[in-house]
$ cat target25.csv   # CSV, C-alpha atoms
chain,number,residue,atom,x,y,z
V,1,MET,CA,-7.4,3.8,-32.6
V,2,THR,CA,-9.1,3.8,-29.2
V,3,LEU,CA,-9.3,1.7,-26.1
V,4,CYS,CA,-12.4,2.4,-24.1
V,5,ILE,CA,-13.7,0.4,-21.1
V,6,PRO,CA,-17.5,0.5,-20.5
V,7,ARG,CA,-17.2,0.6,-16.7
V,8,ILE,CA,-14.8,3.6,-17.0
V,9,PRO,CA,-16.7,5.9,-19.3
V,10,GLY,CA,-15.1,8.9,-20.9
V,11,ILE,CA,-11.6,7.6,-20.8
V,12,ASP,CA,-9.7,6.5,-24.0
V,13,PHE,CA,-6.7,4.7,-22.6
V,14,LEU,CA,-4.8,5.1,-25.9
V,15,ALA,CA,-5.4,8.9,-26.2
V,16,ALA,CA,-2.4,11.2,-25.6
V,17,GLY,CA,-2.6,13.8,-22.9
V,18,ARG,CA,-4.3,14.0,-19.5
V,19,GLN,CA,-7.8,12.6,-18.9
V,20,PHE,CA,-10.0,12.5,-15.8
V,21,GLY,CA,-12.9,10.2,-15.2
V,22,TYR,CA,-14.5,7.7,-12.8
V,23,LEU,CA,-15.0,4.0,-12.3
V,24,GLU,CA,-18.8,3.7,-12.3
V,25,ILE,CA,-19.7,1.6,-9.4
V,26,GLU,CA,-23.4,0.7,-9.5
V,27,HIS,CA,-25.2,0.9,-6.2
V,28,SER,CA,-28.4,2.3,-4.9
V,29,ASP,CA,-29.5,2.7,-1.3
V,30,ASN,CA,-30.7,5.4,1.0
V,31,ALA,CA,-27.4,7.3,0.7
V,32,HIS,CA,-26.7,6.6,-3.0
V,33,ASP,CA,-29.9,7.3,-4.8
V,34,ALA,CA,-28.1,8.2,-8.1
V,35,ALA,CA,-27.1,4.5,-8.3
V,36,VAL,CA,-23.5,5.3,-9.1
V,37,ILE,CA,-20.6,5.7,-6.7
V,38,PRO,CA,-17.8,7.4,-8.7
V,39,SER,CA,-14.2,6.3,-8.0
V,40,PRO,CA,-11.9,8.9,-9.6
V,41,ILE,CA,-9.2,7.9,-12.2
V,42,ALA,CA,-6.6,10.0,-14.0
V,43,VAL,CA,-4.7,8.8,-17.1
V,44,LEU,CA,-1.5,10.6,-18.2
V,45,ASN,CA,-0.3,9.3,-21.6
V,46,GLY,CA,2.9,10.7,-23.1
V,47,GLY,CA,3.4,8.2,-25.9
V,48,PRO,CA,5.3,4.9,-26.3
V,49,GLY,CA,6.6,3.3,-23.1
V,50,PRO,CA,5.4,1.1,-20.3
V,51,THR,CA,2.1,1.4,-18.4
V,52,VAL,CA,2.2,1.9,-14.6
V,53,LEU,CA,-0.9,1.5,-12.4
V,54,LEU,CA,-0.7,3.6,-9.2
V,55,ILE,CA,-3.3,3.0,-6.5
V,56,ALA,CA,-4.1,4.6,-3.2
V,57,GLY,CA,-7.2,4.7,-1.0
V,58,THR,CA,-7.7,1.0,-1.1
V,59,HIS,CA,-8.4,1.6,2.6
V,60,GLY,CA,-10.0,4.9,3.3
V,61,ASP,CA,-8.1,5.7,6.5
V,62,GLU,CA,-4.7,5.6,4.9
V,63,TYR,CA,-3.9,9.1,3.7
V,64,GLU,CA,-0.3,9.3,2.6
V,65,GLY,CA,-0.9,7.6,-0.8
V,66,GLN,CA,-4.0,9.7,-1.5
V,67,ILE,CA,-1.9,12.9,-1.0
V,68,LEU,CA,1.0,11.6,-3.0
V,69,LEU,CA,-1.1,10.6,-6.0
V,70,GLN,CA,-3.2,13.8,-6.0
V,71,GLU,CA,0.1,15.7,-6.1
V,72,LEU,CA,1.5,13.6,-8.9
V,73,ILE,CA,-1.6,14.1,-11.0
V,74,ARG,CA,-1.4,17.9,-10.7
V,75,SER,CA,2.4,18.3,-11.0
V,76,THR,CA,3.2,16.0,-13.9
V,77,ASN,CA,2.7,17.1,-17.5
V,78,PRO,CA,1.8,14.3,-19.9
V,79,GLU,CA,4.7,15.2,-22.2
V,80,GLU,CA,7.1,14.3,-19.3
V,81,VAL,CA,5.8,10.7,-19.3
V,82,SER,CA,7.4,8.1,-21.5
V,83,GLY,CA,4.5,5.7,-21.5
V,84,ARG,CA,1.2,5.8,-19.6
V,85,LEU,CA,0.3,6.5,-16.0
V,86,ILE,CA,-3.0,5.1,-14.7
V,87,ILE,CA,-3.7,6.7,-11.3
V,88,LEU,CA,-6.5,5.8,-8.8
V,89,PRO,CA,-5.9,8.1,-5.8
V,90,ALA,CA,-9.1,7.1,-3.9
V,91,LEU,CA,-9.9,3.6,-5.1
V,92,ASN,CA,-12.5,2.7,-2.5
V,93,ILE,CA,-14.1,6.2,-2.6
V,94,ALA,CA,-16.9,5.3,-0.2
V,95,ALA,CA,-14.3,4.3,2.5
V,96,VAL,CA,-12.2,7.4,1.7
V,97,ARG,CA,-15.2,9.7,2.2
V,98,GLU,CA,-15.7,8.1,5.6
V,99,GLY,CA,-12.0,8.0,6.6
V,100,ARG,CA,-12.4,4.3,7.5
V,101,ARG,CA,-10.6,1.1,6.5
V,102,VAL,CA,-13.7,-0.3,4.9
V,103,ALA,CA,-16.9,1.5,3.8
V,104,SER,CA,-20.1,1.2,5.8
V,105,VAL,CA,-22.0,0.7,2.5
V,106,ASP,CA,-20.8,-2.9,2.3
V,107,GLY,CA,-18.3,-3.6,5.1
V,108,VAL,CA,-15.9,-5.3,2.6
V,109,ASN,CA,-12.2,-5.1,2.8
V,110,LEU,CA,-11.3,-4.1,-0.8
V,111,ASN,CA,-7.8,-5.6,-0.4
V,112,ARG,CA,-9.3,-9.0,0.2
V,113,ALA,CA,-11.9,-8.8,-2.6
V,114,LEU,CA,-10.0,-9.5,-5.8
V,115,PRO,CA,-10.8,-10.9,-8.4
V,116,GLY,CA,-14.1,-9.4,-7.4
V,117,ASP,CA,-17.6,-9.7,-8.9
V,118,ALA,CA,-19.0,-7.4,-11.6
V,119,GLY,CA,-22.5,-8.1,-10.2
V,120,GLY,CA,-21.6,-7.7,-6.5
V,121,GLY,CA,-21.5,-4.9,-4.1
V,122,PRO,CA,-19.3,-1.7,-4.4
V,123,ALA,CA,-16.0,-3.2,-3.3
V,124,GLN,CA,-16.6,-6.4,-5.3
V,125,GLN,CA,-17.2,-4.2,-8.4
V,126,ILE,CA,-14.1,-2.1,-7.9
V,127,ALA,CA,-12.0,-5.3,-7.4
V,128,SER,CA,-13.5,-6.7,-10.6
V,129,ILE,CA,-12.5,-3.6,-12.6
V,130,VAL,CA,-8.9,-3.6,-11.2
V,131,ALA,CA,-8.5,-7.4,-11.8
V,132,GLU,CA,-10.2,-7.7,-15.2
V,133,GLU,CA,-9.6,-4.3,-16.8
V,134,LEU,CA,-6.7,-2.4,-15.3
V,135,LEU,CA,-4.1,-5.1,-14.3
V,136,PRO,CA,-4.0,-6.5,-17.8
V,137,LEU,CA,-3.0,-3.0,-19.1
V,138,ALA,CA,-0.2,-2.7,-16.6
V,139,ASP,CA,3.5,-3.4,-16.8
V,140,PHE,CA,4.1,-2.4,-13.2
V,141,VAL,CA,1.9,-1.7,-10.2
V,142,MET,CA,2.2,0.2,-6.9
V,143,ASP,CA,-0.5,0.2,-4.2
V,144,ILE,CA,0.3,2.8,-1.5
V,145,HIS,CA,-0.8,1.8,2.0
V,146,SER,CA,-0.1,2.9,5.6
V,147,GLY,CA,-1.2,1.6,9.0
V,148,GLY,CA,-4.4,3.6,9.0
V,149,ILE,CA,-6.1,4.5,12.2
V,150,ALA,CA,-5.5,1.1,13.9
V,151,SER,CA,-1.7,0.8,13.6
V,152,GLU,CA,1.7,2.3,12.6
V,153,TYR,CA,4.4,0.6,10.6
V,154,VAL,CA,8.0,1.3,10.1
V,155,PRO,CA,8.1,3.4,6.9
V,156,SER,CA,8.5,0.8,4.3
V,157,ALA,CA,8.0,-0.8,0.9
V,158,PHE,CA,5.8,-3.9,1.4
V,159,VAL,CA,6.3,-6.9,-0.9
V,160,TYR,CA,5.0,-10.4,-1.3
V,161,HIS,CA,8.0,-12.8,-1.6
V,162,GLY,CA,8.4,-14.5,-5.0
V,163,PRO,CA,6.4,-15.9,-6.6
V,164,THR,CA,9.1,-16.6,-9.2
V,165,PRO,CA,12.8,-15.7,-9.3
V,166,GLU,CA,12.1,-13.2,-12.2
V,167,LEU,CA,9.3,-11.4,-10.4
V,168,TRP,CA,11.3,-11.3,-7.2
V,169,ALA,CA,14.3,-9.7,-8.9
V,170,GLN,CA,12.0,-7.0,-10.4
V,171,LYS,CA,10.4,-6.4,-7.0
V,172,THR,CA,13.7,-6.1,-5.1
V,173,ALA,CA,15.0,-3.7,-7.8
V,174,ALA,CA,11.8,-1.6,-7.4
V,175,VAL,CA,12.2,-1.5,-3.6
V,176,ALA,CA,15.8,-0.3,-4.0
V,177,ALA,CA,14.6,2.5,-6.3
V,178,PHE,CA,11.8,3.6,-4.0
V,179,ASN,CA,14.4,3.6,-1.1
V,180,ALA,CA,12.1,3.6,1.9
V,181,PRO,CA,14.0,3.1,5.2
V,182,TYR,CA,12.6,-0.4,5.4
V,183,SER,CA,11.2,-3.2,3.2
V,184,VAL,CA,8.7,-5.5,4.9
V,185,VAL,CA,8.6,-9.0,3.2
V,186,VAL,CA,5.8,-11.4,3.6
V,187,GLN,CA,5.3,-15.0,2.3
V,188,PRO,CA,4.0,-15.5,-1.3
V,189,MET,CA,0.3,-15.0,-1.8
V,190,LEU,CA,-0.1,-14.0,1.9
V,191,LYS,CA,-3.6,-12.7,1.8
V,192,SER,CA,-6.4,-14.2,-0.4
V,193,GLY,CA,-8.0,-11.5,-2.5
V,194,SER,CA,-5.2,-8.8,-2.2
V,195,ILE,CA,-4.1,-6.6,-5.1
V,196,SER,CA,-0.5,-7.9,-4.5
V,197,GLY,CA,-1.7,-11.5,-4.9
V,198,ALA,CA,-3.7,-10.6,-8.1
V,199,ALA,CA,-0.6,-8.9,-9.6
V,200,ASP,CA,1.5,-12.0,-8.8
V,201,ARG,CA,-1.0,-14.3,-10.5
V,202,ALA,CA,-1.0,-12.0,-13.5
V,203,GLY,CA,2.8,-11.9,-13.6
V,204,VAL,CA,3.0,-8.1,-13.1
V,205,PRO,CA,5.8,-6.7,-10.9
V,206,MET,CA,4.2,-4.9,-7.9
V,207,ILE,CA,5.3,-3.3,-4.7
V,208,SER,CA,3.1,-1.9,-2.0
V,209,THR,CA,4.0,0.4,0.9
V,210,GLU,CA,3.3,0.9,4.6
V,211,LEU,CA,4.0,4.6,5.2
V,212,GLY,CA,3.6,5.0,8.9
V,213,GLY,CA,-0.1,5.3,10.0
V,214,GLY,CA,-1.9,6.1,13.2
V,215,GLY,CA,-4.6,8.0,11.4
V,216,THR,CA,-2.4,11.0,10.6
V,217,VAL,CA,0.3,12.0,8.1
V,218,SER,CA,4.0,12.3,8.9
V,219,LEU,CA,5.8,15.2,7.1
V,220,ARG,CA,9.1,13.3,7.2
V,221,ILE,CA,7.7,10.1,5.8
V,222,LEU,CA,5.7,11.9,3.2
V,223,GLU,CA,8.7,13.9,1.9
V,224,ARG,CA,10.8,10.7,1.6
V,225,ALA,CA,8.0,8.9,-0.2
V,226,ARG,CA,7.4,11.8,-2.6
V,227,THR,CA,11.1,11.6,-3.7
V,228,GLY,CA,10.9,7.8,-3.7
V,229,LEU,CA,7.8,7.7,-5.9
V,230,ARG,CA,9.4,9.8,-8.6
V,231,ALA,CA,12.6,7.7,-8.4
V,232,LEU,CA,10.6,4.6,-8.8
V,233,LEU,CA,8.8,5.9,-11.9
V,234,GLY,CA,12.2,6.8,-13.2
V,235,HIS,CA,13.4,3.2,-12.6
V,236,TRP,CA,10.4,1.9,-14.4
V,237,GLY,CA,11.1,4.1,-17.4
V,238,LEU,CA,8.1,6.5,-17.0
V,239,LEU,CA,10.0,9.6,-15.9
V,240,ALA,CA,13.5,10.8,-16.4
V,241,ILE,CA,15.7,10.1,-13.3
V,242,GLY,CA,15.9,13.1,-11.0
V,243,GLN,CA,13.3,14.9,-13.0
V,244,PRO,CA,11.7,17.8,-11.1
V,245,PRO,CA,7.9,18.0,-11.4
V,246,GLY,CA,6.4,20.1,-14.2
V,247,HIS,CA,9.4,19.9,-16.5
V,248,ALA,CA,9.8,18.3,-19.9
V,249,ARG,CA,12.0,15.2,-20.3
V,250,GLU,CA,14.8,17.0,-22.1
V,251,ARG,CA,15.3,19.4,-19.2
V,252,ALA,CA,15.6,16.7,-16.6
V,253,THR,CA,19.3,16.4,-16.0
V,254,VAL,CA,19.7,16.4,-12.2
V,255,LEU,CA,20.7,13.0,-10.8
V,256,PRO,CA,19.4,11.8,-7.4
V,257,GLY,CA,21.6,11.9,-4.4
V,258,ALA,CA,23.2,8.9,-2.8
V,259,GLN,CA,20.7,6.4,-1.4
V,260,SER,CA,20.7,4.9,2.1
V,261,PRO,CA,20.5,1.1,2.0
V,262,VAL,CA,17.1,-0.4,2.6
V,263,ARG,CA,16.7,-2.5,5.8
V,264,TRP,CA,14.9,-5.7,5.0
V,265,VAL,CA,12.6,-7.2,7.6
V,266,GLU,CA,10.3,-10.2,7.3
V,267,LEU,CA,6.9,-10.9,8.9
V,268,THR,CA,6.4,-14.5,9.7
V,269,PRO,CA,3.7,-16.5,11.5
V,270,LEU,CA,5.6,-16.0,14.7
V,271,SER,CA,5.6,-12.2,14.4
V,272,PRO,CA,2.2,-11.1,16.0
V,273,VAL,CA,2.0,-10.6,19.7
V,274,ASN,CA,-1.7,-11.0,20.5
V,275,SER,CA,-3.5,-10.0,23.7
V,276,THR,CA,-5.0,-12.8,25.8
V,277,MET,CA,-7.1,-10.4,27.9
V,278,ALA,CA,-9.4,-7.4,27.4
V,279,GLY,CA,-8.1,-4.0,28.6
V,280,LEU,CA,-5.8,-1.2,27.7
V,281,PHE,CA,-2.7,-1.8,25.7
V,282,GLU,CA,0.6,-0.2,26.9
V,283,PRO,CA,3.5,-0.5,24.4
V,284,THR,CA,6.8,-1.0,26.1
V,285,VAL,CA,8.9,-0.8,23.0
V,286,GLU,CA,9.3,1.8,20.2
V,287,LEU,CA,8.6,1.3,16.5
V,288,GLY,CA,11.9,0.2,14.8
V,289,GLN,CA,13.4,-1.0,18.1
V,290,SER,CA,15.5,-4.2,18.0
V,291,VAL,CA,14.3,-6.8,20.6
V,292,ALA,CA,15.3,-10.2,21.7
V,293,ALA,CA,13.0,-13.2,22.2
V,294,GLY,CA,11.6,-12.9,25.7
V,295,ASP,CA,11.8,-9.1,26.0
V,296,VAL,CA,8.6,-7.5,27.3
V,297,VAL,CA,7.0,-5.7,24.4
V,298,ALA,CA,3.5,-4.9,25.8
V,299,ARG,CA,1.3,-4.8,28.9
V,300,VAL,CA,-2.5,-4.9,29.1
V,301,HIS,CA,-4.3,-3.3,32.0
V,302,SER,CA,-7.8,-4.4,33.1
V,303,VAL,CA,-10.4,-1.7,33.1
V,304,GLU,CA,-13.0,-3.2,35.4
V,305,GLU,CA,-10.9,-5.5,37.7
V,306,LEU,CA,-9.1,-2.9,39.8
V,307,ASP,CA,-7.2,-5.5,41.9
V,308,ARG,CA,-6.0,-7.4,38.8
V,309,PRO,CA,-2.3,-6.8,38.0
V,310,SER,CA,-1.4,-5.8,34.4
V,311,LYS,CA,-0.3,-8.7,32.2
V,312,GLU,CA,3.0,-8.6,30.3
V,313,PHE,CA,3.5,-9.9,26.8
V,314,PHE,CA,6.9,-11.0,25.3
V,315,ALA,CA,8.7,-10.9,22.0
V,316,PRO,CA,8.3,-14.4,20.5
V,317,ILE,CA,11.5,-14.1,18.4
V,318,ASP,CA,14.6,-11.8,17.9
V,319,GLY,CA,13.9,-9.0,15.5
V,320,VAL,CA,12.6,-5.5,14.9
V,321,VAL,CA,9.4,-3.9,16.1
V,322,ALA,CA,7.7,-3.4,12.7
V,323,ILE,CA,4.1,-2.7,13.6
V,324,VAL,CA,2.6,-1.2,16.7
V,325,ARG,CA,-1.2,-0.9,17.4
V,326,HIS,CA,-2.5,2.6,18.1
V,327,PRO,CA,-5.9,2.4,19.8
V,328,ALA,CA,-5.3,1.4,23.5
V,329,PRO,CA,-8.4,-0.7,24.0
V,330,VAL,CA,-7.8,-4.4,23.1
V,331,ASN,CA,-9.7,-7.6,23.4
V,332,VAL,CA,-8.7,-11.2,23.4
V,333,GLY,CA,-7.0,-11.9,20.1
V,334,THR,CA,-6.1,-8.2,19.3
V,335,THR,CA,-2.6,-7.9,17.7
V,336,MET,CA,-0.7,-5.3,19.6
V,337,VAL,CA,2.8,-5.6,18.2
V,338,ASN,CA,4.5,-7.4,15.3
V,339,ILE,CA,8.2,-8.5,15.5
V,340,ALA,CA,9.9,-8.9,12.1
V,341,VAL,CA,13.0,-11.0,11.4
V,342,ASP,CA,15.8,-8.6,10.6
V,343,HIS,CA,17.8,-9.4,7.4
V,344,GLY,CA,19.8,-6.2,7.5
V,345,THR,CA,20.5,-4.7,4.1
V,346,THR,CA,20.4,-8.0,2.2
V,347,HIS,CA,17.0,-9.1,0.9
V,348,PRO,CA,16.0,-12.7,1.6
V,349,GLU,CA,16.2,-15.2,-1.2
V,350,GLY,CA,14.1,-18.2,-2.3
V,351,ASN,CA,10.6,-19.0,-1.0
V,352,TYR,CA,8.8,-19.2,-4.3
V,353,VAL,CA,5.5,-20.7,-5.2
V,354,SER,CA,4.5,-22.8,-8.2
V,355,SER,CA,3.3,-20.9,-11.2
$ encode --input "target25.csv" --output "structure tokens"
Amino acid sequence: MTLCIPRIPGIDFLAAGRQFGYLEIEHSDNAHDAAVIPSPIAVLNGGPGPTVLLIAGTHGDEYEGQILLQELIRSTNPEEVSGRLIILPALNIAAVREGRRVASVDGVNLNRALPGDAGGGPAQQIASIVAEELLPLADFVMDIHSGGIASEYVPSAFVYHGPTPELWAQKTAAVAAFNAPYSVVVQPMLKSGSISGAADRAGVPMISTELGGGGTVSLRILERARTGLRALLGHWGLLAIGQPPGHARERATVLPGAQSPVRWVELTPLSPVNSTMAGLFEPTVELGQSVAAGDVVARVHSVEELDRPSKEFFAPIDGVVAIVRHPAPVNVGTTMVNIAVDHGTTHPEGNYVSS
């Protein structure tokens, strides 16, 4: 018995063991004369059990997830896996090669492109494969993000609220297992075309992450996420809890240490603090800092008008500084800081959408 997908040649999704291949993305231009842009995929199949789809590199300038999934592929033996791991460590490979949020080949944000178009450009084709071929195979999904070059987040799981009580309960349990310091919650179906939204529509439990950012990799955040990823796979039933990499299931007897409670924060339409002038952004708060409505959180300094005073910007609500922009140059409309509502260690309830 086999399960082969024409757009992912050479992979039999039912075969036991470890397999490597590519999503074949058809495209031909001056830089891609071979007409195929190969997005790498690994499948680790250890037998009966759930299927977990792990994604990184949806945005090419977000490096933490790419490192984590490359490590996971190399350090995990298929016989450790109770089920099937489908791993895409550099989903938008053209953007990953450039180290940019979106690839110059099409300028499309892959995380706004689902369900995609099999006859469209590179990002649309990748989105189509994820939505039509891979999500239907998955019991659970994780898409690993960070702030990229443009911003930095508090190290967090990132989840769409709802869309049903059942899915929300599965998401909150996954967040607890991953055990990042924060969990950022946003409204149901926040962004049209996102992988999170597609998973919600498919009824598949999914969490994302925002693991720092700023165009670099934090050793502290990466180490915690590395532990959290294996704990999450244990929670989902793929790996034995506390299992060290490279060991068979029957040898995995070490239990994880005590977890710190996750701090739940929520982004709302009032969260962004946007600039109303062009210039240089000066943050006046730190990431993770608690602020009150009316506190000064940013200043913008004019570059050309030397006699113009800097302009102050204020927190619109009480909360936590969840996101801070990194590049100093800003224009009118640039988001500089996001203030998230602080729910403490209790996740918010309700806020579901119709199925």
$ closest_residue --input "target25.csv" --among "V:Leu134, V:Val324, V:Ile144, V:Ala95" --to "Phe13 in chain V" --atoms "all atoms listed in the file"
V:Leu134
$ closest_residue --input "target25.csv" --among "V:Val341, V:Gly237, V:Glu152, V:Asp12" --to "Leu270 in chain V" --atoms "all atoms listed in the file"
V:Val341
$ closest_residue --input "target25.csv" --among "V:Gly10, V:Pro269, V:Gly57, V:Gly119" --to "Ser146 in chain V" --atoms "all atoms listed in the file"
V:Gly57
$ residues_around --input "target25.csv" --residues "Asp200 in chain V" --least-positions-apart "3" --cutoff "10 Å" --atoms "all atoms listed in the file" --output "PyMOL selection string"
chain V and resi 160-164+167-168+188-189+194-197+203-206+355
$ write_last_selection --input "target25.csv" --atoms "C-alpha atoms" --output "PDB file, keeping the file's coordinate frame"
ATOM      1  CA  TYR V 160       5.000 -10.400  -1.300  1.00  0.00           C
ATOM      2  CA  HIS V 161       8.000 -12.800  -1.600  1.00  0.00           C
ATOM      3  CA  GLY V 162       8.400 -14.500  -5.000  1.00  0.00           C
ATOM      4  CA  PRO V 163       6.400 -15.900  -6.600  1.00  0.00           C
ATOM      5  CA  THR V 164       9.100 -16.600  -9.200  1.00  0.00           C
ATOM      6  CA  LEU V 167       9.300 -11.400 -10.400  1.00  0.00           C
ATOM      7  CA  TRP V 168      11.300 -11.300  -7.200  1.00  0.00           C
ATOM      8  CA  PRO V 188       4.000 -15.500  -1.300  1.00  0.00           C
ATOM      9  CA  MET V 189       0.300 -15.000  -1.800  1.00  0.00           C
ATOM     10  CA  SER V 194      -5.200  -8.800  -2.200  1.00  0.00           C
ATOM     11  CA  ILE V 195      -4.100  -6.600  -5.100  1.00  0.00           C
ATOM     12  CA  SER V 196      -0.500  -7.900  -4.500  1.00  0.00           C
ATOM     13  CA  GLY V 197      -1.700 -11.500  -4.900  1.00  0.00           C
ATOM     14  CA  GLY V 203       2.800 -11.900 -13.600  1.00  0.00           C
ATOM     15  CA  VAL V 204       3.000  -8.100 -13.100  1.00  0.00           C
ATOM     16  CA  PRO V 205       5.800  -6.700 -10.900  1.00  0.00           C
ATOM     17  CA  MET V 206       4.200  -4.900  -7.900  1.00  0.00           C
ATOM     18  CA  SER V 355       3.300 -20.900 -11.200  1.00  0.00           C
TER      19      SER V 355
END
$ closest_atom_pairs --input "target25.csv" --of "range 287-332 of chain V" --to "range 176-187 of chain V" --cutoff "12 Å" --atoms "all atoms listed in the file" --output "JSON lines"
{"residue": "V:Leu287", "atom": "CA", "partner": "V:Tyr182", "partner_atom": "CA", "distance": 11.9}
{"residue": "V:Gly288", "atom": "CA", "partner": "V:Tyr182", "partner_atom": "CA", "distance": 9.4}
{"residue": "V:Val320", "atom": "CA", "partner": "V:Val184", "partner_atom": "CA", "distance": 10.7}
{"residue": "V:Val321", "atom": "CA", "partner": "V:Val184", "partner_atom": "CA", "distance": 11.3}
{"residue": "V:Ala322", "atom": "CA", "partner": "V:Val184", "partner_atom": "CA", "distance": 8.1}
{"residue": "V:Ile323", "atom": "CA", "partner": "V:Val184", "partner_atom": "CA", "distance": 10.2}
$ closest_residue --input "target25.csv" --among "V:Ser39, V:Asn111, V:Ser75, V:Ser302" --to "Phe20 in chain V" --atoms "only C-alpha atoms"
V:Ser39
$ residues_around --input "target25.csv" --residues "Ala90 in chain V" --least-positions-apart "5" --cutoff "12 Å" --atoms "all atoms listed in the file" --output "tab-separated table (two decimals) with C-alpha atoms, keeping the file's coordinate frame"
chain	number	residue	atom	x	y	z
V	22	TYR	CA	-14.50	7.70	-12.80
V	23	LEU	CA	-15.00	4.00	-12.30
V	37	ILE	CA	-20.60	5.70	-6.70
V	38	PRO	CA	-17.80	7.40	-8.70
V	39	SER	CA	-14.20	6.30	-8.00
V	40	PRO	CA	-11.90	8.90	-9.60
V	41	ILE	CA	-9.20	7.90	-12.20
V	42	ALA	CA	-6.60	10.00	-14.00
V	54	LEU	CA	-0.70	3.60	-9.20
V	55	ILE	CA	-3.30	3.00	-6.50
V	56	ALA	CA	-4.10	4.60	-3.20
V	57	GLY	CA	-7.20	4.70	-1.00
V	58	THR	CA	-7.70	1.00	-1.10
V	59	HIS	CA	-8.40	1.60	2.60
V	60	GLY	CA	-10.00	4.90	3.30
V	61	ASP	CA	-8.10	5.70	6.50
V	62	GLU	CA	-4.70	5.60	4.90
V	63	TYR	CA	-3.90	9.10	3.70
V	64	GLU	CA	-0.30	9.30	2.60
V	65	GLY	CA	-0.90	7.60	-0.80
V	66	GLN	CA	-4.00	9.70	-1.50
V	67	ILE	CA	-1.90	12.90	-1.00
V	68	LEU	CA	1.00	11.60	-3.00
V	69	LEU	CA	-1.10	10.60	-6.00
V	70	GLN	CA	-3.20	13.80	-6.00
V	95	ALA	CA	-14.30	4.30	2.50
V	96	VAL	CA	-12.20	7.40	1.70
V	97	ARG	CA	-15.20	9.70	2.20
V	98	GLU	CA	-15.70	8.10	5.60
V	99	GLY	CA	-12.00	8.00	6.60
V	110	LEU	CA	-11.30	-4.10	-0.80
V	126	ILE	CA	-14.10	-2.10	-7.90
V	143	ASP	CA	-0.50	0.20	-4.20
V	144	ILE	CA	0.30	2.80	-1.50
V	145	HIS	CA	-0.80	1.80	2.00
$ atom_distance --input "target25.csv" --atom1 "CA of Ile86 in chain V" --atom2 "CA of Leu72 in chain V"
11.2 Å
$ closest_residue --input "target25.csv" --among "V:Gly49, V:Glu349, V:Ala118, V:Asn274" --to "Glu166 in chain V" --atoms "all atoms listed in the file"
V:Glu349
$ closest_residue --input "target25.csv" --among "V:Val296, V:Ala315, V:Val262, V:Leu137" --to "Gly344 in chain V" --atoms "only C-alpha atoms"
V:Val262
$ residues_around --input "target25.csv" --residues "Val175 in chain V" --least-positions-apart "6" --cutoff "9 Å" --atoms "all atoms listed in the file" --output "number ranges by chain"
V: 157-159, 183, 207, 232, 262
$ atom_distance --input "target25.csv" --atom1 "CA of Ile221 in chain V" --atom2 "CA of Pro155 in chain V"
6.8 Å
$ residues_around --input "target25.csv" --residues "range 113-115 of chain V" --least-positions-apart "3" --cutoff "12 Å" --atoms "all atoms listed in the file" --output "PDB file with C-alpha atoms, keeping the file's coordinate frame"
ATOM      1  CA  THR V  58      -7.700   1.000  -1.100  1.00  0.00           C
ATOM      2  CA  ASN V  92     -12.500   2.700  -2.500  1.00  0.00           C
ATOM      3  CA  VAL V 102     -13.700  -0.300   4.900  1.00  0.00           C
ATOM      4  CA  ASP V 106     -20.800  -2.900   2.300  1.00  0.00           C
ATOM      5  CA  GLY V 107     -18.300  -3.600   5.100  1.00  0.00           C
ATOM      6  CA  VAL V 108     -15.900  -5.300   2.600  1.00  0.00           C
ATOM      7  CA  ASN V 109     -12.200  -5.100   2.800  1.00  0.00           C
ATOM      8  CA  LEU V 110     -11.300  -4.100  -0.800  1.00  0.00           C
ATOM      9  CA  ALA V 118     -19.000  -7.400 -11.600  1.00  0.00           C
ATOM     10  CA  GLY V 120     -21.600  -7.700  -6.500  1.00  0.00           C
ATOM     11  CA  GLY V 121     -21.500  -4.900  -4.100  1.00  0.00           C
ATOM     12  CA  PRO V 122     -19.300  -1.700  -4.400  1.00  0.00           C
ATOM     13  CA  ALA V 123     -16.000  -3.200  -3.300  1.00  0.00           C
ATOM     14  CA  GLN V 124     -16.600  -6.400  -5.300  1.00  0.00           C
ATOM     15  CA  GLN V 125     -17.200  -4.200  -8.400  1.00  0.00           C
ATOM     16  CA  ILE V 126     -14.100  -2.100  -7.900  1.00  0.00           C
ATOM     17  CA  ALA V 127     -12.000  -5.300  -7.400  1.00  0.00           C
ATOM     18  CA  SER V 128     -13.500  -6.700 -10.600  1.00  0.00           C
ATOM     19  CA  ILE V 129     -12.500  -3.600 -12.600  1.00  0.00           C
ATOM     20  CA  VAL V 130      -8.900  -3.600 -11.200  1.00  0.00           C
ATOM     21  CA  ALA V 131      -8.500  -7.400 -11.800  1.00  0.00           C
ATOM     22  CA  GLU V 132     -10.200  -7.700 -15.200  1.00  0.00           C
ATOM     23  CA  GLU V 133      -9.600  -4.300 -16.800  1.00  0.00           C
ATOM     24  CA  LEU V 134      -6.700  -2.400 -15.300  1.00  0.00           C
ATOM     25  CA  LEU V 135      -4.100  -5.100 -14.300  1.00  0.00           C
ATOM     26  CA  LYS V 191      -3.600 -12.700   1.800  1.00  0.00           C
ATOM     27  CA  SER V 192      -6.400 -14.200  -0.400  1.00  0.00           C
ATOM     28  CA  GLY V 193      -8.000 -11.500  -2.500  1.00  0.00           C
ATOM     29  CA  SER V 194      -5.200  -8.800  -2.200  1.00  0.00           C
ATOM     30  CA  ILE V 195      -4.100  -6.600  -5.100  1.00  0.00           C
ATOM     31  CA  SER V 196      -0.500  -7.900  -4.500  1.00  0.00           C
ATOM     32  CA  GLY V 197      -1.700 -11.500  -4.900  1.00  0.00           C
ATOM     33  CA  ALA V 198      -3.700 -10.600  -8.100  1.00  0.00           C
ATOM     34  CA  ALA V 199      -0.600  -8.900  -9.600  1.00  0.00           C
ATOM     35  CA  ARG V 201      -1.000 -14.300 -10.500  1.00  0.00           C
ATOM     36  CA  ALA V 202      -1.000 -12.000 -13.500  1.00  0.00           C
TER      37      ALA V 202
END
